[in-house]
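Have a look at the structure below before the remarks.
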Amino acid sequence: MQSAHIPVLVNEVLSFLPSQGLVVDGTLGGGGHSQAILEHNSAIRVIGIDRDPKAPGQELAQKSEPWSQRFNWLHGSYADLPALLAEAELNQVKLVLLDLGFSSIQLSEPDRGIAFSQPGLLDMRYDQSDLSLRTAADIINTASRHELERILIEYGEERQAKKIVSHLLEHRKKNNVRTTTQLKEFIAELLPAPKRKGIHPATKTFQALRIAVNNELGELSTFLHHVVPALPKGATIMIISFHSLEDRLVKQAWRNYSLLQKDGETLEPLLKVLTKKPIKATETEVRANIRSRSAKMRVAVRI
Ligand SMILES: C[S@@+](CC[C@H](N)C(=O)[O-])C[C@H]1O[C@@H](n2cnc3c(N)ncnc32)[C@H](O)[C@@H]1O
């Protein structure tokens with residue numbers, strides 16, 4: 001069964017909207033943010049982009065609502081924004097929103113094999129039609145010790161990475177790990193239950209694999225290094241992240257792009273940062289939507 005996706009920080013997103021013009025929702029997902037933006041301001045047009053060809057938000061274009069006329073959707077990665085839009089269109093962009101990670105809808109689909117709470121084949125690709133990507137099962141069953149350790153350490157910050165990988169290499173000599181349940185149980189048998197209640201010992205491994213399968217940090221880095229400089233002056237960039245690895249990349253990029261001086265040299269800054277500290281969900285929002293608890297939004301303007 002599909003779970004609905006509740007968009008996070010909606011009021012905060014709306015408070016940064018331009019008075020008119022083109023908004024790019026680079027992570028369309030269920031279309032929650034796009035719909036809120038379209039309903040909020042009739043002078044705004046939205047282009048929604050998603051790597052997942054099945055992103056349900058694309059249906060906004062078919063709704064019999066007056067605002068659906070102002071919505072279009074494109075299949076692709078936000079990291080390829082300059083190639084996805086015509087040059088004239090790129091120059092009109094007033095705001096880009098990224099709301100990173102998986103939607104609740106994707107997490108609840110067993111055939112995607114993303115979450116350990118959903119039995120299913122270990123796949124984890126945003127775009128299951130993309131045969132160039134390895135699935136999580138491919139990585140688990142074929143990657144080298146070195147690569148597996150790197151994935152668990154870098155993307156999961158998993159302290160028990162070496163232990164997990166050593167046991168996994170032994171295990172896979174006889175049995176491949178094919179399903180979310182097999183991986184979850186394999187790790188649960190290996191690691192003691194963590195002290196924090198409610199956190200499963202496989203949480204970090206699953207996070208690391210999701211990031212590795214989809215090259216998530218690479219996509220975000222490409223956006224920060226190549227797309228941000230290509231955006232027109234005056235464009236607002238809003239990024240909502242859900243874990244420290246992503247937030248760190250955004251924070252560093254914001255800092256580097258807003259420097260006025262480095263090593264005694266005067267620089268021409270590319271961004272003005274509007275959020276010294278990240279914006280977080282209010283207690284009321286966290287009570288209504290637990291996923292918003294870890295959301296951090298950073299906003300900057302291209303100058
Ligand atoms: C958290 S959800 C967005 C939810 C959306 N804001 C809403 O209100 O329904 C993130 C979405 O981004 C998509 N996504 C992840 N990486 C992407 C990328 N590099 N380019 C485009 N979409 C991506 C995922 O497929 C997912 O649908």
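By order in the structure tokens, chains are A, B, ...; within a chain, residues start at 1; ligands start at 1, following the order shown.
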
>> as an NGL selection string, please: every protein or nucleic acid residue near ligand 1 (cut-off 8 Å, counting only C-alpha atoms and all ligand atoms).
In response: :A and (5-8 or 25-34 or 49-52 or 55 or 57 or 75-79 or 98-104 or 106 or 126-127 or 214 or 216 or 219-220)

Quick one: which segment 177-279 of chain A residues come within 9 Å of segment 142-152 of chain A, and what is the nearest atom pair for each with the distance in Å to one decimal, counting only C-alpha atoms, rows ordered by chain and ascending number, as a Markdown table?
```
| residue | atom | partner | partner_atom | distance |
| --- | --- | --- | --- | --- |
| A:Lys204 | CA | A:Leu152 | CA | 7.5 |
| A:Thr205 | CA | A:Leu152 | CA | 6.1 |
| A:Gln207 | CA | A:Leu152 | CA | 8.7 |
| A:Ala208 | CA | A:Leu152 | CA | 5.5 |
| A:Leu209 | CA | A:Ile151 | CA | 7.1 |
| A:Ile211 | CA | A:Ile151 | CA | 8.5 |
| A:Ala212 | CA | A:Ile151 | CA | 6.6 |
```

> Within 10 Å of Asn91 of chain A, counting only C-alpha atoms, which residues qualify if same-chain residues fewer than 5 places away don't, as a ChimeraX atom specification?
Replying inline: /A:22,82,85-86,230-233,235

> Mind checking DSSP for segment 193-228 of chain A and telling me the alpha helix (DSSP H) residues as an MDAnalysis selection string?
Replying inline: chainID A and resid 203:213 216:222 228

> Taking only C-alpha atoms into account, which of A:Leu168, A:Leu74, A:Ile279, A:Val46 comes nearest Leu183 of chain A?
Replying inline: A:Leu168

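Between atom CA of Pro18 of chain A and atom CA of Ile37 of chain A lies a distance of 10.3 Å.
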